[in-house]
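To be precise, the following lines are upload.cif, and they hold mmCIF, C-alpha atoms.
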data_protein
#
loop_
_atom_site.group_PDB
_atom_site.id
_atom_site.type_symbol
_atom_site.label_atom_id
_atom_site.label_comp_id
_atom_site.auth_asym_id
_atom_site.auth_seq_id
_atom_site.Cartn_x
_atom_site.Cartn_y
_atom_site.Cartn_z
ATOM 1 C CA MET A 214 91.640 117.739 121.153
ATOM 2 C CA ASN A 215 89.773 114.671 119.808
ATOM 3 C CA GLN A 216 87.303 117.025 118.119
ATOM 4 C CA ILE A 217 90.193 118.711 116.284
ATOM 5 C CA MET A 218 91.593 115.321 115.241
ATOM 6 C CA ARG A 219 88.210 114.299 113.811
ATOM 7 C CA LEU A 220 87.976 117.554 111.867
ATOM 8 C CA ASN A 221 91.475 117.381 110.388
ATOM 9 C CA PRO A 222 91.847 114.351 108.087
ATOM 10 C CA LEU A 223 95.471 115.231 107.230
ATOM 11 C CA LYS A 224 96.395 115.112 110.912
ATOM 12 C CA ARG A 225 94.691 111.715 111.242
ATOM 13 C CA ILE A 226 96.507 110.332 108.194
ATOM 14 C CA SER A 227 99.814 111.719 109.494
ATOM 15 C CA GLU A 228 99.264 110.126 112.908
ATOM 16 C CA LEU A 229 98.392 106.807 111.245
ATOM 17 C CA PHE A 230 101.714 106.862 109.364
ATOM 18 C CA TYR A 231 103.607 107.699 112.568
ATOM 19 C CA GLU A 232 101.828 104.912 114.419
ATOM 20 C CA LYS A 233 102.194 102.155 111.810
ATOM 21 C CA SER A 234 105.641 102.980 110.418
ATOM 22 C CA SER A 235 108.717 101.076 111.498
ATOM 23 C CA LEU A 236 112.139 100.336 110.054
ATOM 24 C CA LYS A 237 110.854 96.965 108.768
ATOM 25 C CA VAL A 238 107.897 98.631 107.020
ATOM 26 C CA ALA A 239 110.224 101.266 105.524
ATOM 27 C CA ILE A 240 112.565 98.594 104.171
ATOM 28 C CA LEU A 241 109.618 96.633 102.762
ATOM 29 C CA CYS A 242 108.261 99.786 101.062
ATOM 30 C CA THR A 243 111.719 100.480 99.627
ATOM 31 C CA ALA A 244 111.916 96.921 98.264
ATOM 32 C CA ILE A 245 108.484 97.318 96.631
ATOM 33 C CA PHE A 246 109.584 100.677 95.188
ATOM 34 C CA GLY A 247 112.771 99.148 93.741
ATOM 35 C CA ALA A 248 111.000 96.105 92.356
ATOM 36 C CA TYR A 249 108.303 98.223 90.704
ATOM 37 C CA LEU A 250 110.885 100.619 89.275
ATOM 38 C CA PHE A 251 113.059 97.901 87.743
ATOM 39 C CA LEU A 252 110.463 95.264 86.867
ATOM 40 C CA VAL A 253 107.552 97.436 85.719
ATOM 41 C CA MET A 254 108.595 101.024 84.966
ATOM 42 C CA THR A 255 111.661 100.206 82.896
ATOM 43 C CA ARG A 256 109.713 97.665 80.824
ATOM 44 C CA GLN A 257 106.758 99.980 80.251
ATOM 45 C CA ALA A 258 109.056 102.856 79.245
ATOM 46 C CA THR A 259 110.608 100.831 76.440
ATOM 47 C CA GLY A 260 107.387 101.256 74.461
ATOM 48 C CA PHE A 261 108.100 104.952 73.824
ATOM 49 C CA GLU A 262 111.819 105.441 74.455
ATOM 50 C CA ILE A 263 114.141 106.219 71.582
ATOM 51 C CA PRO A 264 117.646 104.740 71.933
ATOM 52 C CA ASN A 265 120.411 107.307 72.556
ATOM 53 C CA SER A 266 117.844 110.068 73.115
ATOM 54 C CA ASN A 267 118.766 112.557 75.811
ATOM 55 C CA ILE A 268 115.088 112.933 76.844
ATOM 56 C CA LYS A 269 113.524 109.592 77.753
ATOM 57 C CA SER A 270 110.357 111.130 79.228
ATOM 58 C CA LEU A 271 109.170 114.719 79.572
ATOM 59 C CA GLY A 272 108.460 114.183 83.268
ATOM 60 C CA MET A 273 112.156 113.575 83.959
ATOM 61 C CA THR A 274 113.120 117.118 82.954
ATOM 62 C CA PHE A 275 112.804 120.280 85.033
ATOM 63 C CA GLY A 276 110.273 122.042 82.828
ATOM 64 C CA PHE A 277 109.946 122.207 79.078
ATOM 65 C CA SER A 278 108.531 124.393 76.336
ATOM 66 C CA GLU A 279 105.720 123.776 73.875
ATOM 67 C CA SER A 280 108.315 123.173 71.151
ATOM 68 C CA ASP A 281 110.065 120.573 73.364
ATOM 69 C CA ILE A 282 106.780 118.683 73.702
ATOM 70 C CA ILE A 283 106.064 118.807 69.964
ATOM 71 C CA LYS A 284 109.605 117.638 69.168
ATOM 72 C CA PHE A 285 109.225 114.794 71.698
ATOM 73 C CA PHE A 286 105.941 113.748 70.043
ATOM 74 C CA GLN A 287 107.209 114.146 66.449
ATOM 75 C CA LEU A 288 110.081 111.733 67.083
ATOM 76 C CA ARG A 289 107.642 108.995 68.083
ATOM 77 C CA THR A 290 105.256 106.815 66.119
ATOM 78 C CA GLU A 291 101.551 106.602 66.873
ATOM 79 C CA LYS A 292 102.150 103.302 68.673
ATOM 80 C CA MET A 293 104.916 104.876 70.782
ATOM 81 C CA LEU A 294 102.687 107.812 71.715
ATOM 82 C CA SER A 295 99.927 105.415 72.734
ATOM 83 C CA ALA A 296 102.476 103.613 74.932
ATOM 84 C CA TYR A 297 103.477 107.001 76.390
ATOM 85 C CA ILE A 298 99.864 107.831 77.229
ATOM 86 C CA ASN A 299 99.427 104.401 78.813
ATOM 87 C CA PHE A 300 102.673 104.839 80.758
ATOM 88 C CA ASN A 301 101.583 108.212 82.169
ATOM 89 C CA LEU A 302 97.977 107.337 82.961
ATOM 90 C CA ILE A 303 98.571 103.887 84.455
ATOM 91 C CA TRP A 304 102.127 102.876 85.319
ATOM 92 C CA ASP A 305 103.578 106.222 86.407
ATOM 93 C CA THR A 306 100.414 107.017 88.357
ATOM 94 C CA ILE A 307 100.877 103.803 90.379
ATOM 95 C CA PHE A 308 104.601 104.546 90.748
ATOM 96 C CA ALA A 309 103.870 107.969 92.248
ATOM 97 C CA LEU A 310 101.650 106.408 94.888
ATOM 98 C CA ILE A 311 104.314 103.787 95.690
ATOM 99 C CA TYR A 312 107.107 106.332 96.154
ATOM 100 C CA GLY A 313 104.766 108.661 98.068
ATOM 101 C CA VAL A 314 103.948 105.955 100.596
ATOM 102 C CA MET A 315 107.603 104.879 100.810
ATOM 103 C CA TYR A 316 108.863 108.395 101.525
ATOM 104 C CA ALA A 317 106.022 109.060 103.990
ATOM 105 C CA VAL A 318 106.936 105.873 105.872
ATOM 106 C CA TRP A 319 110.626 106.826 105.983
ATOM 107 C CA LEU A 320 109.801 110.327 107.223
ATOM 108 C CA SER A 321 107.461 108.830 109.807
ATOM 109 C CA VAL A 322 110.238 106.558 111.069
ATOM 110 C CA LEU A 323 112.778 109.388 111.158
ATOM 111 C CA PHE A 324 110.475 111.930 112.847
ATOM 112 C CA LYS A 325 108.442 109.570 115.071
ATOM 113 C CA LYS A 326 110.072 110.869 118.280
ATOM 114 C CA PHE A 327 109.294 114.451 117.224
ATOM 115 C CA SER A 328 105.865 113.835 115.702
ATOM 116 C CA ARG A 329 104.104 116.245 118.077
ATOM 117 C CA LYS A 330 106.547 119.021 117.165
ATOM 118 C CA VAL A 331 106.833 118.463 113.403
ATOM 119 C CA GLY A 332 103.185 117.560 112.758
ATOM 120 C CA ILE A 333 102.340 116.500 109.234
ATOM 121 C CA VAL A 334 105.865 116.854 107.835
ATOM 122 C CA ASN A 335 105.662 113.124 107.054
ATOM 123 C CA LEU A 336 102.996 113.872 104.427
ATOM 124 C CA ILE A 337 105.251 116.167 102.339
ATOM 125 C CA PRO A 338 105.876 113.363 99.792
ATOM 126 C CA PHE A 339 102.193 113.377 98.857
ATOM 127 C CA LEU A 340 102.586 116.913 97.474
ATOM 128 C CA GLN A 341 105.006 115.416 94.958
ATOM 129 C CA VAL A 342 102.510 112.633 94.227
ATOM 130 C CA ILE A 343 99.714 115.128 93.524
ATOM 131 C CA PHE A 344 101.845 117.161 91.110
ATOM 132 C CA ASP A 345 103.182 113.989 89.492
ATOM 133 C CA TRP A 346 99.585 112.908 88.843
ATOM 134 C CA LEU A 347 98.701 116.346 87.439
ATOM 135 C CA GLU A 348 101.772 116.115 85.205
ATOM 136 C CA ASN A 349 100.837 112.591 84.070
ATOM 137 C CA TYR A 350 97.277 113.496 83.154
ATOM 138 C CA SER A 351 98.214 116.729 81.412
ATOM 139 C CA LEU A 352 100.944 115.024 79.355
ATOM 140 C CA GLY A 353 98.580 112.174 78.558
ATOM 141 C CA TYR A 354 96.005 114.725 77.411
ATOM 142 C CA LEU A 355 98.581 116.508 75.225
ATOM 143 C CA ALA A 356 99.778 113.254 73.649
ATOM 144 C CA ASP A 357 96.191 112.248 72.948
ATOM 145 C CA GLN A 358 95.469 115.674 71.460
ATOM 146 C CA TYR A 359 98.576 115.391 69.286
ATOM 147 C CA LEU A 360 97.469 111.966 68.028
ATOM 148 C CA ILE A 361 94.049 113.360 67.091
ATOM 149 C CA ASN A 362 95.002 116.547 65.251
ATOM 150 C CA GLY A 363 98.803 116.932 65.280
ATOM 151 C CA THR A 364 98.747 119.969 67.551
ATOM 152 C CA ILE A 365 98.782 120.728 71.257
ATOM 153 C CA THR A 366 97.232 123.454 73.394
ATOM 154 C CA SER A 367 99.804 126.082 74.443
ATOM 155 C CA TYR A 368 98.107 126.672 77.770
ATOM 156 C CA MET A 369 98.102 122.962 78.658
ATOM 157 C CA ALA A 370 101.746 122.638 77.561
ATOM 158 C CA GLN A 371 102.741 125.462 79.901
ATOM 159 C CA LEU A 372 100.622 124.033 82.712
ATOM 160 C CA SER A 373 102.276 120.606 82.260
ATOM 161 C CA SER A 374 105.687 122.238 82.524
ATOM 162 C CA TYR A 375 104.662 123.995 85.761
ATOM 163 C CA PHE A 376 103.385 120.704 87.187
ATOM 164 C CA VAL A 377 106.726 119.039 86.429
ATOM 165 C CA MET A 378 108.715 121.867 88.019
ATOM 166 C CA ILE A 379 106.536 121.884 91.148
ATOM 167 C CA LYS A 380 106.845 118.082 91.348
ATOM 168 C CA TRP A 381 110.643 118.345 91.378
ATOM 169 C CA ILE A 382 110.571 121.165 93.949
ATOM 170 C CA CYS A 383 108.386 118.969 96.179
ATOM 171 C CA SER A 384 110.845 116.123 95.605
ATOM 172 C CA GLY A 385 113.617 118.407 96.846
ATOM 173 C CA LEU A 386 111.570 119.213 99.952
ATOM 174 C CA THR A 387 111.097 115.500 100.601
ATOM 175 C CA TYR A 388 114.830 114.804 100.315
ATOM 176 C CA PHE A 389 115.616 117.808 102.520
ATOM 177 C CA ALA A 390 113.204 116.472 105.170
ATOM 178 C CA ILE A 391 114.822 113.023 104.949
ATOM 179 C CA VAL A 392 118.314 114.481 105.374
ATOM 180 C CA LEU A 393 117.052 116.568 108.296
ATOM 181 C CA GLY A 394 115.480 113.471 109.852
ATOM 182 C CA ILE A 395 118.743 111.546 109.473
ATOM 183 C CA GLY A 396 120.527 114.469 111.113
ATOM 184 C CA PHE A 397 118.102 114.350 114.059
ATOM 185 C CA LEU A 398 118.682 110.596 114.290
ATOM 186 C CA PHE A 399 122.458 111.077 114.569
ATOM 187 C CA VAL A 400 121.996 113.817 117.179
ATOM 188 C CA ARG A 401 119.834 111.448 119.263
ATOM 189 C CA LEU A 402 122.400 108.649 118.926
ATOM 190 C CA PHE A 403 125.269 110.906 120.044
ATOM 191 C CA LYS A 404 123.236 112.188 122.995
ATOM 192 C CA LYS A 405 122.598 108.620 124.140
ATOM 193 C CA ASN A 406 126.318 107.842 124.011
#
Show me the file's structure as structure tokens.
Amino acid sequence: MNQIMRLNPLKRISELFYEKSSLKVAILCTAIFGAYLFLVMTRQATGFEIPNSNIKSLGMTFGFSESDIIKFFQLRTEKMLSAYINFNLIWDTIFALIYGVMYAVWLSVLFKKFSRKVGIVNLIPFLQVIFDWLENYSLGYLADQYLINGTITSYMAQLSSYFVMIKWICSGLTYFAIVLGIGFLFVRLFKKN
């Protein structure tokens, strides 16, 4: 069994989260998430947001077309597009890691009693993180390409859209797992009473 654990790094990471996670750690991670969202993300987004626009960032939509990306870029100045690139490559990349850890901690707390049965379910949030990073880098690449020559690559635009859609599907899986974990928690509480 120890040999298997040494060979499977995901299992080791999952077990580490189960071992180190507690309600206090989950609340602390949630506080860090909230503080980063309101103190950093909202400020950094102001550099490229257009007031009264229905699309604040391409990553907040469930997919988009090449023409949507071009329209998004055309409405922004060079300075705003540079801020958008910076936002995607730095600030949103950090944010993804923060929410990934927070959700993994919450899932670890909720499923700790069942960790042997559910395995690495607590690592589901990191799928969202990976696709968020792929989205960030592809959108940053497209914005940079647009700044250089005023065009974007169709293939990369489509790939970016797929990354965004997969990110949101993974987000749905994370929320489903959290709701399931809360359900298990209530079942355990009722059984005790």
TODO: With the file shown as input, list the residues that the PyMOL selection byres ((chain A and resi 359-365) around 12) selects, as a ChimeraX atom specification.
DONE: /A:278-287,289-298,351-358,366-371,373
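The gap separating CA of Phe300 in chain A from CA of Tyr249 in chain A is 13.2 Å, in Å to one decimal.
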| message | Which residues, named as in the file, does the PyMOL selection byres ((chain A and resi 316) around 12) pick out? Answer as a PyMOL selection string. | response | chain A and resi 230+234+238-243+246+309-315+317-324+334-342+383-384+386-392+394
Atoms to include: C-alpha atoms. Write the selected residues as a JSON list (two decimals), keeping the file's coordinate frame.
[["chain", "number", "residue", "atom", "x", "y", "z"],
["A", 230, "PHE", "CA", 101.71, 106.86, 109.36],
["A", 234, "SER", "CA", 105.64, 102.98, 110.42],
["A", 238, "VAL", "CA", 107.90, 98.63, 107.02],
["A", 239, "ALA", "CA", 110.22, 101.27, 105.52],
["A", 240, "ILE", "CA", 112.56, 98.59, 104.17],
["A", 241, "LEU", "CA", 109.62, 96.63, 102.76],
["A", 242, "CYS", "CA", 108.26, 99.79, 101.06],
["A", 243, "THR", "CA", 111.72, 100.48, 99.63],
["A", 246, "PHE", "CA", 109.58, 100.68, 95.19],
["A", 309, "ALA", "CA", 103.87, 107.97, 92.25],
["A", 310, "LEU", "CA", 101.65, 106.41, 94.89],
["A", 311, "ILE", "CA", 104.31, 103.79, 95.69],
["A", 312, "TYR", "CA", 107.11, 106.33, 96.15],
["A", 313, "GLY", "CA", 104.77, 108.66, 98.07],
["A", 314, "VAL", "CA", 103.95, 105.96, 100.60],
["A", 315, "MET", "CA", 107.60, 104.88, 100.81],
["A", 317, "ALA", "CA", 106.02, 109.06, 103.99],
["A", 318, "VAL", "CA", 106.94, 105.87, 105.87],
["A", 319, "TRP", "CA", 110.63, 106.83, 105.98],
["A", 320, "LEU", "CA", 109.80, 110.33, 107.22],
["A", 321, "SER", "CA", 107.46, 108.83, 109.81],
["A", 322, "VAL", "CA", 110.24, 106.56, 111.07],
["A", 323, "LEU", "CA", 112.78, 109.39, 111.16],
["A", 324, "PHE", "CA", 110.48, 111.93, 112.85],
["A", 334, "VAL", "CA", 105.86, 116.85, 107.84],
["A", 335, "ASN", "CA", 105.66, 113.12, 107.05],
["A", 336, "LEU", "CA", 103.00, 113.87, 104.43],
["A", 337, "ILE", "CA", 105.25, 116.17, 102.34],
["A", 338, "PRO", "CA", 105.88, 113.36, 99.79],
["A", 339, "PHE", "CA", 102.19, 113.38, 98.86],
["A", 340, "LEU", "CA", 102.59, 116.91, 97.47],
["A", 341, "GLN", "CA", 105.01, 115.42, 94.96],
["A", 342, "VAL", "CA", 102.51, 112.63, 94.23],
["A", 383, "CYS", "CA", 108.39, 118.97, 96.18],
["A", 384, "SER", "CA", 110.84, 116.12, 95.60],
["A", 386, "LEU", "CA", 111.57, 119.21, 99.95],
["A", 387, "THR", "CA", 111.10, 115.50, 100.60],
["A", 388, "TYR", "CA", 114.83, 114.80, 100.32],
["A", 389, "PHE", "CA", 115.62, 117.81, 102.52],
["A", 390, "ALA", "CA", 113.20, 116.47, 105.17],
["A", 391, "ILE", "CA", 114.82, 113.02, 104.95],
["A", 392, "VAL", "CA", 118.31, 114.48, 105.37],
["A", 394, "GLY", "CA", 115.48, 113.47, 109.85]]
Answer key for the PyMOL selection byres ((chain A and resi 271) around 10), residues as number ranges by chain: A: 268-270, 272-277, 281-282, 285, 348-349, 352, 373-374, 377
Shortest contact to Leu372 in chain A, candidates A:Leu347, A:Ile395, A:Ala258, A:Leu288, atoms counted only C-alpha atoms, goes to A:Leu347
**Asked** Any idea what the distance is between CA of Thr259 in chain A and CA of Gly385 in chain A?
**Response**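 That distance, rounded to one decimal, is 27.1 Å.
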